[in-house]
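> Got a structure here, written out as structure tokens. Questions coming.
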Amino acid sequence: MASAPTSTHCPYCSLQCGISVVAGDRPATLQPQPDFPTNLGGLCSKGWNAAGLLDHPQRLLSPLVRTVPGDRTSPFRAAGWDEALDLVAAELVRLQAAHGRDAVGCFGGGGLTNEKAYTFGKFARVALGTAMIDYNGRFCMSSAATASNRAFGLDRGLPFPLADVARAQAVLLVGSNPAATMPPAMQFFDAGRAAGATHVVVDPRATATARGASLHLAPLPGTDLALANGLLHLAVKDGLVDEEYVATRTTGFAAVRAGVSASWPDRVERITGVPVADLRRTVHALAEAPTAMVLTARGAEQHSSGTDTAQAWINLALALGLPGRPFSGYGTITGQGNGQGGREHGQKADQLPGYRKLADPADRAHVAAVWGVDPDELPQPGLSAFEMLDRLGTPGGVRALLVLASNLVVSAPDVNRVRDRLAALDLLVVSDIFLSETAELADVVFPTAQWAEEEGTMTNLEGRVIRRRQALRPPVGVHDDLHLMKELAERLGRGQHFSTEPREVFDELRRASAGGLADYSGISYERVDAEQGVFWPCPATPDGQPDHPGSPRLFADRFPTPDGRARFVRVEYRAPDESPDAAFPHVLTTGRLMAHYQSGTQTRRHPATAQSAVGPEVQLHPDLARTLGIGTADVVRLTTRRGAATFRASLSTDIRPDVVFVPFHWGGASAANALTNPALDPLSRMPAFKACAVRAERVGSP
Ligand code: SF4
């Protein structure tokens with residue numbers, strides 16, 4: 001029997017396309033919403049096929065435990081929820097009694113709803129009392145977040161609605177390929193181009209996005225900081241700096257100006273491979289357009305110098321007077337579905353809800369009061385994601401890990417090392433929809449509800465808080481992660497602090513975030529329903545009324561810094577942690593394909609998306625392939641200092657001859673992250689996913 005459509009959002013990327021689900025008859029069907037502001041009726045192949053996840057034959061429908069407890073080589077068997085929860089709780093208590101509270105760690109994800117991300121942070125600090133919690137967003141856009149906080153005093157991916165892109169008369173897009181990763185977003189870029197805007201794309205590959213741009217700059221991976229400083233040098237040299245804006249709205253430019261005077265264009269051209277003429281054309285286009293944007297994404301940010309690189313792009317935007325100007329500014333394009341909200345409410349090692357700081361006494365006191373606990377109970381900041389993973393099972397390290405919404409052995413850097421560390425744990429607990437590669441290694445697996453089966457909120461790439469609505473109930477035997485955390489907390493003696501009702505959790509989140517930078521206190525489910533989402537910060541009035549209009553555009557008059565000004569920070573180019581040498585003579589970079597999302601746990605299982613997509617291929621330039629004796633579809637082994645993986649060869653002139661590219665959606669023999677370098681950015685703790693030294697060799701024929 002058909003039922004009324006339920007308005008909700010795609011389960012995948014940060015565009016959070018509006019979707020209507022009809023679930024009265026199974027299987028559920030879906031349609032894009034024609035009027036949701038980020039997709040306007042568009043969907044990509046991932047979204048179109050998302051309903052196929054709901055009744056997928058490989059879905060987990062009961063908890064799994066090992067046939068022989070403690071022996072992960074023994075097969076799984078189905079268990080009841082009480083049996084699995086009792087087992088996990090007893091082990092957590094035993095390990096914390098023996099090794100201390102920080103012997104238990106939590107690893108979250110940027111796909112969790114705000115309610116679940118908030119509860120996971122609280123669960124770690126209140127139910128477990130551990131400092132050890134971080135999440136996979138650390139591997140995503142933490143560098144841009146750190147740089148934005150440093151420059152603007154605030155991190156919101158886009159400080160303006162996505163539709164503003166169509167009104168910008170010049171756009172510099174760095175390390176992003178929305179034509180493949182979020183195709184409906186291209187309508188805003190296309191509208192701008194159709195209206196005469198100049199678009200410049202920075203990418204070592206001539207992607208679909210780059211091919212549609214006015215100009216494509218193809219630097220060597222890991223050299224973006226030199227490129228940005230070179231552009232700023234030319235802005236200074238050619239008199240393009242907005243001196244009035246710099247004088248009235250910023251601090252610190254003198255030191256930056258002195259720093260980039262050393263970035264002579266010929267040196268930048270030598271480092272990056274980008275001709276000076278193209279640099280000059282780019283900076284003049286940005287400076288001379290009445291409205292202009294600088295947008296970055298993972299290609300610019302996933303480096304061991306990621307924070308400084310993002311800062312260099314921000315410096316350029318500030319020098320040109322862009323942030324806060326109408327239809328202009330700097331923004332970063334978030335990747336994961338709730339990559340924005342997931343980093344605002346306490347999953348990060350150093351954060352409390354509302355972007356409050358765990359190390360700040362006033363912030364601790366505020367949140368502890370909302371949580372009904374003593375501030376002294378709350379742990380201090382713990383380790384960042386890779387640092388925690390790298391110490392699993394070591395003396396003094398984490399001995400039990402709870403993983404929500406992450407497939408670490410595909411998505412973490414240097415996955416062979418991470419796999420070894422996971423194997424050294426006393427207890428690994430994973431909650432997922434499917435038996436992911438990480439769940440396969442666990443002692444206990446909990447089946448969880450998915451997108452169209454749950455209520456909650458997400459915060460998209462624009463900082464717009466939106467509703468995820470339930471169109472159908474989870475299958476019998478499946479519960480959501482709020483239920484999992486509440487039941488575990490009960491068994492740990494702290495159940496009274498937790499709720500399984502998303503609306504109750506959101507109301508508590510609102511109070512916890514009140515007065516913080518990411519203030520949700522004026523947002524309610526009703527407002528989100530009525531207004532197609534509400535942009536934060538949105539504080540309640542002093543008498544608690546939610547009538548603030550929300551904040552679609554930020555920084556028009558001041559920045560949320562102590563003096564109201566944005567901060568330039570002088571940053572210098574440094575070579576990537578690894579450069580090519582005789583043993584590893586090429587540069588490896590990694591990225592995404594249109595058909596797959598993140599570690600591919602969901603999209604690799606969907607027949608329609610899996611069949612429409614190419615498999616794990618390495619993209620090489622024909623000139624490089626010729627010197628290596630590699631032909632189309634040959635089996636190619638890539639080797640780095642961490643490990644090796646094999647891929648089918650795809651030859652294309654769309655890539656630089658000194659670079660090879662692999663997608664990271666697969667594990668096992670074609671795991672791109674068996675190759676990647678876990679060298680960390682000193683500030684954001686972002687690994688160097690986007691550039692390392694590699695050797696390529698033919699090991700088989702088609
Ligand atoms: Fe939209 Fe992203 Fe979903 Fe594609 S994956 S339909 S772009 S939200």
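By convention here, the chains of the structure tokens are called A, B, ... in the order presented, each chain's residues are numbered starting at 1, and ligands are numbered starting at 1 in the order presented.
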Looking only at the backbone, which of the residues in stretch 365-465 of chain A does DSSP tag as strand (DSSP E or B), as JSON, numbers by chain?

{"A": [400, 401, 402, 403, 404, 427, 428, 429, 430, 431, 432, 444, 445, 446, 447, 448, 456, 457, 458, 459, 464, 465]}

> Need to verify the contact set: A:Arg298, 7 Å, only C-alpha atoms, exclusion of same-chain residues closer than 4 positions in sequence. Can you return it as a PyMOL selection string?

chain A and resi 140-141+175-176+302

> With the cut-off set at 10 Å and counting only C-alpha atoms and all ligand atoms, tabulate each residue of chain A with an atom at most that distance from an atom of ligand 1, showing the nearest atom pair and its distance in Å to one decimal, ordered by chain and increasing number, as JSON lines.


{"residue": "A:His9", "atom": "CA", "partner": "ligand 1", "partner_atom_place_in_ligand_line": "8 (S)", "distance": 7.2}
{"residue": "A:Cys10", "atom": "CA", "partner": "ligand 1", "partner_atom_place_in_ligand_line": "3 (Fe)", "distance": 4.6}
{"residue": "A:Pro11", "atom": "CA", "partner": "ligand 1", "partner_atom_place_in_ligand_line": "3 (Fe)", "distance": 6.3}
{"residue": "A:Tyr12", "atom": "CA", "partner": "ligand 1", "partner_atom_place_in_ligand_line": "5 (S)", "distance": 4.6}
{"residue": "A:Cys13", "atom": "CA", "partner": "ligand 1", "partner_atom_place_in_ligand_line": "2 (Fe)", "distance": 4.0}
{"residue": "A:Ser14", "atom": "CA", "partner": "ligand 1", "partner_atom_place_in_ligand_line": "8 (S)", "distance": 6.0}
{"residue": "A:Leu15", "atom": "CA", "partner": "ligand 1", "partner_atom_place_in_ligand_line": "8 (S)", "distance": 4.6}
{"residue": "A:Gln16", "atom": "CA", "partner": "ligand 1", "partner_atom_place_in_ligand_line": "8 (S)", "distance": 4.0}
{"residue": "A:Cys17", "atom": "CA", "partner": "ligand 1", "partner_atom_place_in_ligand_line": "8 (S)", "distance": 4.3}
{"residue": "A:Gly18", "atom": "CA", "partner": "ligand 1", "partner_atom_place_in_ligand_line": "8 (S)", "distance": 7.7}
{"residue": "A:Ile19", "atom": "CA", "partner": "ligand 1", "partner_atom_place_in_ligand_line": "6 (S)", "distance": 8.5}
{"residue": "A:Pro32", "atom": "CA", "partner": "ligand 1", "partner_atom_place_in_ligand_line": "6 (S)", "distance": 8.3}
{"residue": "A:Thr38", "atom": "CA", "partner": "ligand 1", "partner_atom_place_in_ligand_line": "1 (Fe)", "distance": 8.3}
{"residue": "A:Asn39", "atom": "CA", "partner": "ligand 1", "partner_atom_place_in_ligand_line": "1 (Fe)", "distance": 6.7}
{"residue": "A:Gly41", "atom": "CA", "partner": "ligand 1", "partner_atom_place_in_ligand_line": "1 (Fe)", "distance": 9.8}
{"residue": "A:Gly42", "atom": "CA", "partner": "ligand 1", "partner_atom_place_in_ligand_line": "1 (Fe)", "distance": 7.3}
{"residue": "A:Leu43", "atom": "CA", "partner": "ligand 1", "partner_atom_place_in_ligand_line": "6 (S)", "distance": 4.0}
{"residue": "A:Cys44", "atom": "CA", "partner": "ligand 1", "partner_atom_place_in_ligand_line": "4 (Fe)", "distance": 4.1}
{"residue": "A:Ser45", "atom": "CA", "partner": "ligand 1", "partner_atom_place_in_ligand_line": "4 (Fe)", "distance": 6.5}
{"residue": "A:Lys46", "atom": "CA", "partner": "ligand 1", "partner_atom_place_in_ligand_line": "5 (S)", "distance": 5.2}
{"residue": "A:Gly47", "atom": "CA", "partner": "ligand 1", "partner_atom_place_in_ligand_line": "6 (S)", "distance": 3.6}
{"residue": "A:Trp48", "atom": "CA", "partner": "ligand 1", "partner_atom_place_in_ligand_line": "6 (S)", "distance": 6.5}
{"residue": "A:Asn49", "atom": "CA", "partner": "ligand 1", "partner_atom_place_in_ligand_line": "6 (S)", "distance": 8.8}
{"residue": "A:Ala50", "atom": "CA", "partner": "ligand 1", "partner_atom_place_in_ligand_line": "3 (Fe)", "distance": 8.2}
{"residue": "A:Pro178", "atom": "CA", "partner": "ligand 1", "partner_atom_place_in_ligand_line": "7 (S)", "distance": 8.4}
{"residue": "A:Ala179", "atom": "CA", "partner": "ligand 1", "partner_atom_place_in_ligand_line": "7 (S)", "distance": 9.2}
{"residue": "A:Ala180", "atom": "CA", "partner": "ligand 1", "partner_atom_place_in_ligand_line": "7 (S)", "distance": 8.7}
{"residue": "A:Thr181", "atom": "CA", "partner": "ligand 1", "partner_atom_place_in_ligand_line": "7 (S)", "distance": 6.6}
{"residue": "A:Met182", "atom": "CA", "partner": "ligand 1", "partner_atom_place_in_ligand_line": "7 (S)", "distance": 3.6}
{"residue": "A:Pro183", "atom": "CA", "partner": "ligand 1", "partner_atom_place_in_ligand_line": "7 (S)", "distance": 5.5}
{"residue": "A:Pro184", "atom": "CA", "partner": "ligand 1", "partner_atom_place_in_ligand_line": "7 (S)", "distance": 5.5}
{"residue": "A:Ala185", "atom": "CA", "partner": "ligand 1", "partner_atom_place_in_ligand_line": "7 (S)", "distance": 7.0}
{"residue": "A:Met186", "atom": "CA", "partner": "ligand 1", "partner_atom_place_in_ligand_line": "7 (S)", "distance": 9.5}
{"residue": "A:Gly335", "atom": "CA", "partner": "ligand 1", "partner_atom_place_in_ligand_line": "2 (Fe)", "distance": 8.8}
{"residue": "A:Gln336", "atom": "CA", "partner": "ligand 1", "partner_atom_place_in_ligand_line": "2 (Fe)", "distance": 8.7}
{"residue": "A:Gly337", "atom": "CA", "partner": "ligand 1", "partner_atom_place_in_ligand_line": "8 (S)", "distance": 7.1}
{"residue": "A:Asn460", "atom": "CA", "partner": "ligand 1", "partner_atom_place_in_ligand_line": "8 (S)", "distance": 9.3}
{"residue": "A:Met594", "atom": "CA", "partner": "ligand 1", "partner_atom_place_in_ligand_line": "4 (Fe)", "distance": 8.4}
{"residue": "A:Ala595", "atom": "CA", "partner": "ligand 1", "partner_atom_place_in_ligand_line": "5 (S)", "distance": 8.7}
{"residue": "A:His596", "atom": "CA", "partner": "ligand 1", "partner_atom_place_in_ligand_line": "5 (S)", "distance": 8.5}
{"residue": "A:Tyr597", "atom": "CA", "partner": "ligand 1", "partner_atom_place_in_ligand_line": "5 (S)", "distance": 7.2}

> Do you have, as a Markdown table, the list of residues of stretch 121-161 of chain A lying at most 12 Å from stretch 243-256 of chain A, each with its nearest atom pair and that distance in Å to one decimal, counting only C-alpha atoms and ordered by chain then number?


| residue | atom | partner | partner_atom | distance |
| --- | --- | --- | --- | --- |
| A:Arg150 | CA | A:Thr251 | CA | 11.9 |
| A:Ala151 | CA | A:Thr250 | CA | 9.2 |
| A:Phe152 | CA | A:Thr250 | CA | 9.5 |

> List the neighbours of A:Pro678 out to 12 Å using only C-alpha atoms; skip same-chain residues closer than 6 positions along the sequence, and give me the result as an MDAnalysis selection string.

chainID A and resid 139 302:304 385:387 389:390 411:418 576:578 641:642 685:692

> Please, could you write that set of residues out with C-alpha atoms as a PDB file, in the first residue's frame?


ATOM      1  CA  PHE A 139      41.191  12.600   7.855  1.00  0.00           C
ATOM      2  CA  GLN A 302      45.198  16.469   2.911  1.00  0.00           C
ATOM      3  CA  HIS A 303      48.901  17.156   3.310  1.00  0.00           C
ATOM      4  CA  SER A 304      51.379  17.178   6.152  1.00  0.00           C
ATOM      5  CA  ALA A 385      42.680   9.965  15.147  1.00  0.00           C
ATOM      6  CA  PHE A 386      45.851   8.478  13.661  1.00  0.00           C
ATOM      7  CA  GLU A 387      47.847   8.945  16.846  1.00  0.00           C
ATOM      8  CA  LEU A 389      45.044   4.274  16.130  1.00  0.00           C
ATOM      9  CA  ASP A 390      48.819   3.993  16.051  1.00  0.00           C
ATOM     10  CA  SER A 411      39.928   4.835   4.825  1.00  0.00           C
ATOM     11  CA  ALA A 412      42.805   5.378   7.272  1.00  0.00           C
ATOM     12  CA  PRO A 413      46.316   6.103   6.005  1.00  0.00           C
ATOM     13  CA  ASP A 414      48.866   3.267   6.008  1.00  0.00           C
ATOM     14  CA  VAL A 415      46.079   0.722   6.518  1.00  0.00           C
ATOM     15  CA  ASN A 416      48.365  -2.279   6.936  1.00  0.00           C
ATOM     16  CA  ARG A 417      49.782  -0.634  10.042  1.00  0.00           C
ATOM     17  CA  VAL A 418      46.279   0.266  11.263  1.00  0.00           C
ATOM     18  CA  PRO A 576      55.975  17.149   0.994  1.00  0.00           C
ATOM     19  CA  ASP A 577      57.106  14.674   3.638  1.00  0.00           C
ATOM     20  CA  GLU A 578      58.213  12.373   0.801  1.00  0.00           C
ATOM     21  CA  ARG A 641      57.570   2.746   1.726  1.00  0.00           C
ATOM     22  CA  ARG A 642      54.395   1.471   3.472  1.00  0.00           C
ATOM     23  CA  ARG A 685      47.029  16.185  12.637  1.00  0.00           C
ATOM     24  CA  MET A 686      45.903  15.542   9.060  1.00  0.00           C
ATOM     25  CA  PRO A 687      47.798  12.705   7.312  1.00  0.00           C
ATOM     26  CA  ALA A 688      49.528  13.254   3.958  1.00  0.00           C
ATOM     27  CA  PHE A 689      46.967  11.378   1.843  1.00  0.00           C
ATOM     28  CA  LYS A 690      47.499  13.421  -1.295  1.00  0.00           C
ATOM     29  CA  ALA A 691      51.198  13.100  -2.052  1.00  0.00           C
ATOM     30  CA  CYS A 692      53.863  10.449  -1.498  1.00  0.00           C
TER      31      CYS A 692
END

> Do a neighbour search on A:Glu455 at 10 Å with only C-alpha atoms, toss out local chain neighbours closer than 4 positions, and write the hits as an MDAnalysis selection string.

chainID A and resid 8 113 115 450:451 467:471 480 501:503

> Taking only residues of stretch 290-387 of chain A that have an atom at most 9 Å from an atom of stretch 518-526 of chain A, what is each one's shortest atom pair and its distance in Å to one decimal, using only C-alpha atoms, in chain and number order, as JSON lines?


{"residue": "A:Glu344", "atom": "CA", "partner": "A:Ala518", "partner_atom": "CA", "distance": 6.7}
{"residue": "A:His345", "atom": "CA", "partner": "A:Ala518", "partner_atom": "CA", "distance": 8.5}
{"residue": "A:Pro353", "atom": "CA", "partner": "A:Ala518", "partner_atom": "CA", "distance": 8.1}
{"residue": "A:Gly354", "atom": "CA", "partner": "A:Ala518", "partner_atom": "CA", "distance": 4.5}
{"residue": "A:Tyr355", "atom": "CA", "partner": "A:Ala518", "partner_atom": "CA", "distance": 5.8}
{"residue": "A:Arg356", "atom": "CA", "partner": "A:Ala518", "partner_atom": "CA", "distance": 8.4}

> Generate a file of the selected residues that holds C-alpha atoms, formatted as a PDB file, in the first residue's frame.


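Once everything was written out, this is result.pdb:
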ATOM      1  CA  GLU A 344      30.928  20.728  15.885  1.00  0.00           C
ATOM      2  CA  HIS A 345      29.489  18.742  18.752  1.00  0.00           C
ATOM      3  CA  PRO A 353      29.451  20.728  21.774  1.00  0.00           C
ATOM      4  CA  GLY A 354      29.027  24.048  19.971  1.00  0.00           C
ATOM      5  CA  TYR A 355      32.764  24.189  19.147  1.00  0.00           C
ATOM      6  CA  ARG A 356      33.512  24.651  22.838  1.00  0.00           C
TER       7      ARG A 356
END

> Give me, as a list in words, all polymer residues having an atom no more than 8 Å from A:Ile333, counting only C-alpha atoms and skipping those fewer than 4 positions away in the same chain.

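Near A:Ile333, the qualifying residues are Gly157, Leu158, Ser176, Leu295, Thr296, Ala297 and Leu461 of chain A.
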
> For the residues selected in the previous step, produce a file with C-alpha atoms as an mmCIF file, in the first residue's frame.


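Result file is again_30.cif:
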data_model
loop_
_atom_site.group_PDB
_atom_site.id
_atom_site.type_symbol
_atom_site.label_atom_id
_atom_site.label_comp_id
_atom_site.auth_asym_id
_atom_site.auth_seq_id
_atom_site.Cartn_x
_atom_site.Cartn_y
_atom_site.Cartn_z
ATOM 1 C CA GLY A 157 32.833 25.133 5.503
ATOM 2 C CA LEU A 158 31.033 27.624 3.286
ATOM 3 C CA SER A 176 38.039 19.670 -5.803
ATOM 4 C CA LEU A 295 37.270 27.460 -2.641
ATOM 5 C CA THR A 296 39.443 24.594 -1.444
ATOM 6 C CA ALA A 297 38.869 20.907 -0.786
ATOM 7 C CA LEU A 461 28.401 22.002 3.602
#

> Find the residues around A:Gly629 up to 9 Å (only C-alpha atoms counted), leave out those fewer than 3 positions away in its own chain, and share them as a CSV table (one decimal) with C-alpha atoms, in the first residue's frame.


chain,number,residue,atom,x,y,z
A,624,LEU,CA,55.0,7.4,-18.3
A,625,ALA,CA,53.3,4.1,-19.2
A,626,ARG,CA,55.5,3.8,-22.2
A,697,GLU,CA,55.6,-1.7,-12.4
A,698,ARG,CA,53.7,-4.0,-14.7

> Taking the chain letters and numbering used in this document, name the residues of stretch 296-463 of chain A that DSSP puts in alpha helix (DSSP H), as a PyMOL selection string.

chain A and resi 298-301+306-319+339-342+361-371+385-390+408-411+415-423

> Could those residues be written to a file, using N, CA and C atoms, as a compact mmCIF listing (two decimals), in the first residue's frame?


# COMPACT_ATOMS: atom_id res chain seq x y z
N ARG A 298 39.82 18.69 -0.50
CA ARG A 298 40.81 17.77 0.04
C ARG A 298 42.14 17.82 -0.70
N GLY A 299 42.11 18.11 -2.00
CA GLY A 299 43.37 18.15 -2.74
C GLY A 299 44.34 19.16 -2.19
N ALA A 300 43.80 20.25 -1.63
CA ALA A 300 44.66 21.28 -1.04
C ALA A 300 44.96 21.00 0.42
N GLU A 301 44.13 20.20 1.06
CA GLU A 301 44.15 20.13 2.52
C GLU A 301 44.77 18.87 3.10
N GLY A 306 49.01 20.71 5.47
CA GLY A 306 47.66 21.07 5.05
C GLY A 306 47.15 22.35 5.67
N THR A 307 47.43 22.57 6.96
CA THR A 307 46.92 23.78 7.60
C THR A 307 47.56 25.02 6.98
N ASP A 308 48.87 24.99 6.81
CA ASP A 308 49.54 26.15 6.21
C ASP A 308 49.12 26.35 4.76
N THR A 309 48.85 25.24 4.07
CA THR A 309 48.41 25.37 2.68
C THR A 309 47.03 26.04 2.62
N ALA A 310 46.10 25.56 3.45
CA ALA A 310 44.79 26.23 3.48
C ALA A 310 44.95 27.69 3.89
N GLN A 311 45.86 27.94 4.83
CA GLN A 311 46.10 29.32 5.26
C GLN A 311 46.60 30.18 4.10
N ALA A 312 47.45 29.60 3.25
CA ALA A 312 47.98 30.37 2.12
C ALA A 312 46.85 30.79 1.17
N TRP A 313 45.89 29.89 0.96
CA TRP A 313 44.73 30.26 0.12
C TRP A 313 43.89 31.32 0.82
N ILE A 314 43.75 31.21 2.14
CA ILE A 314 42.99 32.23 2.88
C ILE A 314 43.72 33.58 2.80
N ASN A 315 45.04 33.55 2.95
CA ASN A 315 45.82 34.80 2.83
C ASN A 315 45.54 35.48 1.50
N LEU A 316 45.50 34.68 0.42
CA LEU A 316 45.23 35.25 -0.90
C LEU A 316 43.84 35.89 -0.93
N ALA A 317 42.85 35.16 -0.39
CA ALA A 317 41.48 35.70 -0.39
C ALA A 317 41.40 36.98 0.43
N LEU A 318 42.09 37.02 1.57
CA LEU A 318 42.07 38.23 2.40
C LEU A 318 42.76 39.40 1.69
N ALA A 319 43.88 39.14 1.06
CA ALA A 319 44.60 40.22 0.39
C ALA A 319 43.76 40.84 -0.72
N GLY A 339 29.85 16.01 7.63
CA GLY A 339 31.22 16.43 7.94
C GLY A 339 31.24 17.73 8.73
N GLN A 340 30.28 18.63 8.44
CA GLN A 340 30.23 19.90 9.17
C GLN A 340 29.71 19.68 10.60
N GLY A 341 28.50 19.16 10.73
CA GLY A 341 27.93 18.97 12.07
C GLY A 341 28.72 17.97 12.89
N GLY A 342 29.31 16.99 12.20
CA GLY A 342 30.05 15.96 12.92
C GLY A 342 31.26 16.49 13.65
N PRO A 361 38.21 26.08 30.99
CA PRO A 361 37.42 25.84 32.21
C PRO A 361 35.98 26.32 32.10
N ALA A 362 35.76 27.48 31.48
CA ALA A 362 34.38 27.99 31.36
C ALA A 362 33.55 27.09 30.45
N ASP A 363 34.15 26.63 29.36
CA ASP A 363 33.44 25.73 28.45
C ASP A 363 33.11 24.41 29.14
N ARG A 364 34.06 23.90 29.90
CA ARG A 364 33.82 22.64 30.63
C ARG A 364 32.66 22.80 31.62
N ALA A 365 32.66 23.94 32.31
CA ALA A 365 31.62 24.16 33.32
C ALA A 365 30.24 24.26 32.66
N HIS A 366 30.17 24.97 31.53
CA HIS A 366 28.88 25.11 30.84
C HIS A 366 28.34 23.75 30.41
N VAL A 367 29.17 22.97 29.74
CA VAL A 367 28.68 21.69 29.21
C VAL A 367 28.42 20.70 30.35
N ALA A 368 29.27 20.69 31.36
CA ALA A 368 29.06 19.78 32.50
C ALA A 368 27.72 20.08 33.17
N ALA A 369 27.34 21.36 33.24
CA ALA A 369 26.05 21.70 33.86
C ALA A 369 24.90 21.15 33.03
N VAL A 370 25.01 21.25 31.70
CA VAL A 370 23.95 20.69 30.84
C VAL A 370 23.90 19.17 31.00
N TRP A 371 25.06 18.55 31.14
CA TRP A 371 25.12 17.09 31.24
C TRP A 371 24.81 16.59 32.67
N ALA A 385 43.10 11.26 15.70
CA ALA A 385 42.68 9.97 15.15
C ALA A 385 43.85 9.02 14.87
N PHE A 386 44.79 9.44 14.02
CA PHE A 386 45.85 8.48 13.66
C PHE A 386 46.76 8.18 14.85
N GLU A 387 47.00 9.19 15.67
CA GLU A 387 47.85 8.94 16.85
C GLU A 387 47.20 7.92 17.78
N MET A 388 45.89 8.00 17.94
CA MET A 388 45.21 7.00 18.78
C MET A 388 45.29 5.63 18.12
N LEU A 389 45.00 5.57 16.82
CA LEU A 389 45.04 4.27 16.13
C LEU A 389 46.43 3.66 16.19
N ASP A 390 47.44 4.50 16.10
CA ASP A 390 48.82 3.99 16.05
C ASP A 390 49.29 3.43 17.39
N LEU A 408 37.74 1.82 8.96
CA LEU A 408 39.12 2.28 9.11
C LEU A 408 40.11 1.55 8.24
N VAL A 409 39.93 0.26 8.03
CA VAL A 409 40.96 -0.48 7.29
C VAL A 409 40.87 -0.24 5.78
N VAL A 410 39.95 0.62 5.36
CA VAL A 410 39.97 1.12 3.98
C VAL A 410 40.33 2.61 3.97
N SER A 411 39.83 3.37 4.93
CA SER A 411 39.93 4.84 4.83
C SER A 411 41.09 5.47 5.58
N VAL A 415 47.08 1.63 5.92
CA VAL A 415 46.08 0.72 6.52
C VAL A 415 46.67 -0.60 7.00
N ASN A 416 47.78 -1.02 6.43
CA ASN A 416 48.36 -2.28 6.94
C ASN A 416 48.81 -2.10 8.39
N ARG A 417 49.38 -0.93 8.66
CA ARG A 417 49.78 -0.63 10.04
C ARG A 417 48.55 -0.53 10.95
N VAL A 418 47.51 0.13 10.46
CA VAL A 418 46.28 0.27 11.26
C VAL A 418 45.66 -1.11 11.51
N ARG A 419 45.67 -1.96 10.50
CA ARG A 419 45.12 -3.32 10.67
C ARG A 419 45.90 -4.07 11.76
N ASP A 420 47.23 -3.95 11.75
CA ASP A 420 48.04 -4.61 12.79
C ASP A 420 47.68 -4.09 14.18
N ARG A 421 47.47 -2.80 14.27
CA ARG A 421 47.16 -2.21 15.58
C ARG A 421 45.76 -2.66 16.05
N LEU A 422 44.80 -2.73 15.13
CA LEU A 422 43.47 -3.21 15.50
C LEU A 422 43.54 -4.66 15.99
N ALA A 423 44.43 -5.44 15.36
CA ALA A 423 44.56 -6.85 15.76
C ALA A 423 45.14 -6.98 17.17

> Point out the residue among A:Ala78, A:Ala147, A:Leu352, A:Phe188 with the least atom-to-atom distance to A:Ala512, counting only C-alpha atoms.

A:Leu352

> Select, from A:Leu638, A:Ala452, A:Leu620, A:Leu628, the residue with the minimum atom-to-atom distance to A:Val660, counting only C-alpha atoms.

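Looking only at the distances to A:Val660, the closest residue turns out to be A:Leu620.
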
> Which of these, A:Leu128, A:Leu240, A:Val201, A:Val268, has the shortest distance to A:Gln96 once you count only C-alpha atoms?

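Distance minimum relative to A:Gln96 lands on A:Leu128.
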
> Please provide the set of residues having any atom within 12 Å of A:Ser431, restricted to only C-alpha atoms, with same-chain residues fewer than 3 positions apart removed, written as a PyMOL selection string.

chain A and resi 60-64+84-85+106-109+112+401-407+428+434-436+438-440+442-450+478-485

> Please report the interatomic distance between atom CA of A:Ala98 and atom CA of A:Ser499 in Å with one decimal.

29.1 Å
